[in-house]
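Trainee: File follows, start06.cif with mmCIF, N, CA and C atoms:
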```cif
data_structure
loop_
_atom_site.label_atom_id
_atom_site.label_comp_id
_atom_site.auth_asym_id
_atom_site.auth_seq_id
_atom_site.Cartn_x
_atom_site.Cartn_y
_atom_site.Cartn_z
N MET A 1 85.57 105.54 114.19
CA MET A 1 86.48 104.59 114.78
C MET A 1 87.17 105.26 115.97
N THR A 2 87.31 104.55 117.03
CA THR A 2 87.95 105.08 118.22
C THR A 2 89.33 104.47 118.38
N LEU A 3 90.05 104.93 119.39
CA LEU A 3 91.37 104.38 119.65
C LEU A 3 91.32 102.88 119.90
N GLU A 4 90.20 102.40 120.39
CA GLU A 4 90.08 100.99 120.70
C GLU A 4 89.83 100.15 119.45
N ASP A 5 89.39 100.78 118.39
CA ASP A 5 89.13 100.04 117.15
C ASP A 5 90.44 99.67 116.48
N LYS A 6 90.49 98.44 115.99
CA LYS A 6 91.72 97.92 115.41
C LYS A 6 91.39 97.04 114.22
N PHE A 7 92.38 96.68 113.47
CA PHE A 7 92.20 95.72 112.40
C PHE A 7 93.13 94.55 112.66
N ASN A 8 92.81 93.38 112.08
CA ASN A 8 93.66 92.23 112.33
C ASN A 8 94.40 91.81 111.07
N ALA A 9 95.38 90.96 111.23
CA ALA A 9 96.23 90.55 110.12
C ALA A 9 95.43 89.82 109.04
N GLY A 10 94.44 89.04 109.44
CA GLY A 10 93.62 88.34 108.46
C GLY A 10 92.92 89.31 107.53
N GLU A 11 92.45 90.42 108.07
CA GLU A 11 91.80 91.44 107.25
C GLU A 11 92.79 92.08 106.28
N VAL A 12 94.00 92.28 106.73
CA VAL A 12 95.03 92.86 105.85
C VAL A 12 95.32 91.91 104.69
N PHE A 13 95.42 90.61 104.96
CA PHE A 13 95.64 89.65 103.88
C PHE A 13 94.47 89.65 102.90
N GLU A 14 93.25 89.71 103.42
CA GLU A 14 92.09 89.74 102.53
C GLU A 14 92.09 90.99 101.66
N ILE A 15 92.46 92.10 102.23
CA ILE A 15 92.55 93.34 101.45
C ILE A 15 93.63 93.20 100.37
N ALA A 16 94.76 92.62 100.73
CA ALA A 16 95.84 92.42 99.76
C ALA A 16 95.36 91.53 98.61
N GLU A 17 94.62 90.49 98.93
CA GLU A 17 94.09 89.61 97.88
C GLU A 17 93.16 90.38 96.95
N GLN A 18 92.32 91.24 97.52
CA GLN A 18 91.39 92.01 96.70
C GLN A 18 92.13 92.98 95.79
N ILE A 19 93.18 93.57 96.29
CA ILE A 19 93.99 94.48 95.47
C ILE A 19 94.55 93.71 94.26
N GLU A 20 95.00 92.50 94.50
CA GLU A 20 95.54 91.69 93.39
C GLU A 20 94.45 91.32 92.40
N ARG A 21 93.25 91.01 92.88
CA ARG A 21 92.14 90.73 91.96
C ARG A 21 91.80 91.97 91.13
N ASN A 22 91.84 93.13 91.77
CA ASN A 22 91.60 94.37 91.03
C ASN A 22 92.66 94.55 89.94
N GLY A 23 93.89 94.24 90.26
CA GLY A 23 94.97 94.35 89.29
C GLY A 23 94.77 93.40 88.11
N GLN A 24 94.34 92.19 88.41
CA GLN A 24 94.07 91.22 87.34
C GLN A 24 93.02 91.78 86.38
N ALA A 25 91.94 92.26 86.92
CA ALA A 25 90.85 92.80 86.09
C ALA A 25 91.33 94.00 85.29
N PHE A 26 92.10 94.86 85.91
CA PHE A 26 92.62 96.05 85.24
C PHE A 26 93.47 95.67 84.03
N TYR A 27 94.43 94.76 84.25
CA TYR A 27 95.33 94.40 83.16
C TYR A 27 94.61 93.63 82.06
N ARG A 28 93.65 92.80 82.42
CA ARG A 28 92.89 92.08 81.39
C ARG A 28 92.05 93.04 80.55
N GLN A 29 91.43 94.00 81.23
CA GLN A 29 90.64 94.99 80.50
C GLN A 29 91.54 95.84 79.60
N ALA A 30 92.69 96.20 80.10
CA ALA A 30 93.64 96.98 79.30
C ALA A 30 94.09 96.16 78.09
N ALA A 31 94.31 94.86 78.28
CA ALA A 31 94.75 94.00 77.18
C ALA A 31 93.71 93.95 76.06
N GLU A 32 92.45 94.02 76.44
CA GLU A 32 91.38 94.01 75.44
C GLU A 32 91.31 95.30 74.64
N SER A 33 91.90 96.35 75.16
CA SER A 33 91.76 97.66 74.52
C SER A 33 92.95 98.06 73.66
N VAL A 34 93.96 97.21 73.55
CA VAL A 34 95.13 97.56 72.74
C VAL A 34 95.14 96.75 71.45
N ASP A 35 95.73 97.33 70.43
CA ASP A 35 95.81 96.67 69.12
C ASP A 35 97.07 95.82 68.97
N SER A 36 98.10 96.19 69.66
CA SER A 36 99.39 95.52 69.53
C SER A 36 99.38 94.16 70.23
N ASP A 37 99.78 93.13 69.50
CA ASP A 37 99.90 91.81 70.12
C ASP A 37 100.94 91.81 71.23
N GLU A 38 102.03 92.54 70.99
CA GLU A 38 103.10 92.61 72.00
C GLU A 38 102.60 93.27 73.28
N ALA A 39 101.87 94.36 73.15
CA ALA A 39 101.32 95.04 74.33
C ALA A 39 100.29 94.17 75.02
N ARG A 40 99.45 93.51 74.24
CA ARG A 40 98.43 92.63 74.81
C ARG A 40 99.08 91.50 75.61
N ASP A 41 100.10 90.87 75.03
CA ASP A 41 100.79 89.79 75.73
C ASP A 41 101.44 90.28 77.02
N PHE A 42 102.02 91.47 76.96
CA PHE A 42 102.65 92.04 78.16
C PHE A 42 101.61 92.28 79.25
N LEU A 43 100.47 92.85 78.89
CA LEU A 43 99.42 93.12 79.88
C LEU A 43 98.86 91.83 80.45
N LEU A 44 98.72 90.82 79.62
CA LEU A 44 98.23 89.53 80.13
C LEU A 44 99.27 88.87 81.04
N GLU A 45 100.54 89.11 80.76
CA GLU A 45 101.59 88.62 81.65
C GLU A 45 101.51 89.33 83.01
N LEU A 46 101.25 90.62 82.99
CA LEU A 46 101.07 91.35 84.26
C LEU A 46 99.87 90.82 85.02
N ALA A 47 98.78 90.51 84.31
CA ALA A 47 97.59 89.93 84.97
C ALA A 47 97.94 88.60 85.62
N ALA A 48 98.73 87.79 84.93
CA ALA A 48 99.15 86.50 85.50
C ALA A 48 100.00 86.69 86.75
N MET A 49 100.83 87.73 86.74
CA MET A 49 101.63 88.03 87.94
C MET A 49 100.72 88.39 89.11
N GLU A 50 99.65 89.11 88.82
CA GLU A 50 98.70 89.47 89.89
C GLU A 50 98.04 88.22 90.46
N VAL A 51 97.78 87.22 89.62
CA VAL A 51 97.23 85.95 90.10
C VAL A 51 98.23 85.31 91.06
N ASP A 52 99.51 85.30 90.67
CA ASP A 52 100.55 84.75 91.55
C ASP A 52 100.60 85.49 92.88
N HIS A 53 100.49 86.81 92.82
CA HIS A 53 100.51 87.62 94.05
C HIS A 53 99.31 87.28 94.94
N GLU A 54 98.14 87.15 94.32
CA GLU A 54 96.95 86.80 95.10
C GLU A 54 97.15 85.45 95.78
N ASN A 55 97.67 84.48 95.04
CA ASN A 55 97.92 83.15 95.62
C ASN A 55 98.93 83.22 96.75
N PHE A 56 99.93 84.08 96.61
CA PHE A 56 100.94 84.25 97.65
C PHE A 56 100.30 84.78 98.94
N PHE A 57 99.48 85.83 98.81
CA PHE A 57 98.82 86.39 100.00
C PHE A 57 97.85 85.39 100.61
N SER A 58 97.17 84.64 99.77
CA SER A 58 96.23 83.62 100.27
C SER A 58 96.99 82.56 101.07
N ALA A 59 98.13 82.13 100.54
CA ALA A 59 98.94 81.13 101.24
C ALA A 59 99.47 81.68 102.56
N LEU A 60 99.90 82.94 102.57
CA LEU A 60 100.35 83.54 103.82
C LEU A 60 99.22 83.60 104.84
N LYS A 61 98.05 83.99 104.38
CA LYS A 61 96.89 84.07 105.28
C LYS A 61 96.60 82.70 105.88
N ASP A 62 96.62 81.67 105.04
CA ASP A 62 96.37 80.32 105.54
C ASP A 62 97.48 79.84 106.47
N LYS A 63 98.71 80.13 106.11
CA LYS A 63 99.86 79.67 106.91
C LYS A 63 99.87 80.30 108.30
N PHE A 64 99.55 81.58 108.37
CA PHE A 64 99.70 82.29 109.63
C PHE A 64 98.40 82.54 110.38
N LYS A 65 97.31 82.02 109.90
CA LYS A 65 96.03 82.36 110.53
C LYS A 65 95.96 81.95 111.99
N LEU A 66 96.64 80.89 112.36
CA LEU A 66 96.62 80.48 113.75
C LEU A 66 97.73 81.13 114.56
N SER A 67 98.84 81.49 113.91
CA SER A 67 99.96 82.05 114.66
C SER A 67 99.94 83.57 114.72
N VAL A 68 99.18 84.20 113.84
CA VAL A 68 99.08 85.66 113.90
C VAL A 68 97.91 85.99 114.79
N SER A 69 98.20 86.57 115.90
CA SER A 69 97.12 86.91 116.81
C SER A 69 97.25 88.37 117.22
N GLY A 70 96.20 88.87 117.71
CA GLY A 70 96.21 90.25 118.15
C GLY A 70 95.85 91.20 117.03
N ASP A 71 95.51 92.38 117.43
CA ASP A 71 95.14 93.41 116.49
C ASP A 71 96.23 94.47 116.46
N PHE A 72 96.20 95.26 115.42
CA PHE A 72 97.17 96.32 115.28
C PHE A 72 96.46 97.65 115.44
N PRO A 73 96.94 98.50 116.31
CA PRO A 73 96.25 99.77 116.53
C PRO A 73 96.34 100.67 115.30
N ASP A 74 95.29 101.40 115.09
CA ASP A 74 95.23 102.37 113.99
C ASP A 74 94.44 103.57 114.50
N PRO A 75 95.01 104.30 115.46
CA PRO A 75 94.24 105.33 116.15
C PRO A 75 93.71 106.45 115.27
N ASP A 76 94.41 106.81 114.21
CA ASP A 76 93.92 107.91 113.37
C ASP A 76 93.25 107.42 112.10
N GLU A 77 93.05 106.11 111.99
CA GLU A 77 92.31 105.47 110.90
C GLU A 77 93.00 105.56 109.55
N THR A 78 94.21 106.04 109.47
CA THR A 78 94.84 106.20 108.17
C THR A 78 95.18 104.86 107.52
N THR A 79 95.63 103.91 108.30
CA THR A 79 96.01 102.62 107.72
C THR A 79 94.79 101.91 107.16
N VAL A 80 93.73 101.83 107.94
CA VAL A 80 92.52 101.16 107.48
C VAL A 80 91.95 101.88 106.26
N ALA A 81 91.89 103.20 106.29
CA ALA A 81 91.36 103.97 105.16
C ALA A 81 92.20 103.74 103.90
N TYR A 82 93.50 103.72 104.05
CA TYR A 82 94.39 103.50 102.92
C TYR A 82 94.19 102.10 102.34
N LEU A 83 94.17 101.11 103.19
CA LEU A 83 94.00 99.74 102.72
C LEU A 83 92.63 99.52 102.08
N GLN A 84 91.60 100.11 102.66
CA GLN A 84 90.27 99.98 102.07
C GLN A 84 90.20 100.67 100.72
N ALA A 85 90.83 101.82 100.58
CA ALA A 85 90.84 102.52 99.30
C ALA A 85 91.54 101.68 98.24
N LEU A 86 92.64 101.06 98.62
CA LEU A 86 93.34 100.19 97.68
C LEU A 86 92.46 99.01 97.28
N ALA A 87 91.85 98.37 98.25
CA ALA A 87 91.04 97.19 97.97
C ALA A 87 89.80 97.53 97.16
N GLU A 88 89.28 98.72 97.34
CA GLU A 88 88.06 99.11 96.63
C GLU A 88 88.34 99.58 95.22
N GLY A 89 89.58 99.62 94.83
CA GLY A 89 89.89 99.90 93.44
C GLY A 89 90.49 101.24 93.14
N ASP A 90 90.89 101.97 94.15
CA ASP A 90 91.47 103.28 93.88
C ASP A 90 92.86 103.18 93.27
N VAL A 91 93.44 101.99 93.24
CA VAL A 91 94.73 101.82 92.60
C VAL A 91 94.54 101.46 91.14
N PHE A 92 93.73 100.47 90.86
CA PHE A 92 93.49 100.01 89.50
C PHE A 92 92.11 100.44 89.05
N ASN A 93 91.90 101.75 88.86
CA ASN A 93 90.57 102.20 88.53
C ASN A 93 90.48 103.06 87.28
N SER A 94 91.56 103.31 86.59
CA SER A 94 91.50 104.23 85.48
C SER A 94 90.69 103.71 84.31
N LEU A 95 90.41 102.42 84.27
CA LEU A 95 89.61 101.88 83.19
C LEU A 95 88.14 101.72 83.57
N LYS A 96 87.79 102.10 84.79
CA LYS A 96 86.39 102.01 85.21
C LYS A 96 85.54 103.00 84.45
N THR A 97 84.30 102.62 84.23
CA THR A 97 83.40 103.53 83.52
C THR A 97 82.56 104.29 84.50
#
```
Give the structure from the file, written as structure tokens.

Mentor:
Amino acid sequence: MTLEDKFNAGEVFEIAEQIERNGQAFYRQAAESVDSDEARDFLLELAAMEVDHENFFSALKDKFKLSVSGDFPDPDETTVAYLQALAEGDVFNSLKT
């Protein structure tokens, strides 16, 4: 990536949505692995919160898709690398096989 390479707001929203989907899967898988009904209910509640977060980011993306214009510079690639790592599951990955 060069100094001229940039990412746009729509891509950031899509990455945020993917992070929330990863969280949903993580909490649901964790809920399947616990014996306690209380813990299971709590984890499923967290998964539901992730659904709400995904819907929030989706609504923001739809609301601002026409008014958000331009790209954001990321000359050293740290922002894009960080966001891609999050979206690819480096946040909710401890239950991966």

Trainee: Give me, please, the distance in Å between CA of Gln18 in chain A and atom N of Asp35 in chain A, quoted to one decimal.

Mentor: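 We find that CA of Gln18 in chain A and atom N of Asp35 in chain A lie 27.2 Å from each other.
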
Trainee: Could you expand the PyMOL selection byres ((chain A and resi 51-60) around 8) into the explicit residues it covers here, written as a list in words?

Mentor: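 After applying the PyMOL selection byres ((chain A and resi 51-60) around 8), what remains is Phe13, Glu14, Ala16, Glu17, Gln18, Ile19, Glu20, Arg21, Gly23, Gln24, Glu45, Leu46, Ala47, Ala48, Met49, Glu50, Lys61, Asp62, Lys63, Phe64 and Lys65 of chain A.
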
Trainee: Please report the interatomic distance between CA of Leu44 in chain A and atom C of Val12 in chain A in Å with one decimal.

Mentor: 24.8 Å

Trainee: By how many Å are CA of Gln29 in chain A and CA of Ile15 in chain A apart?

Mentor: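 According to the coordinates, CA of Gln29 in chain A and CA of Ile15 in chain A are separated by 21.1 Å.
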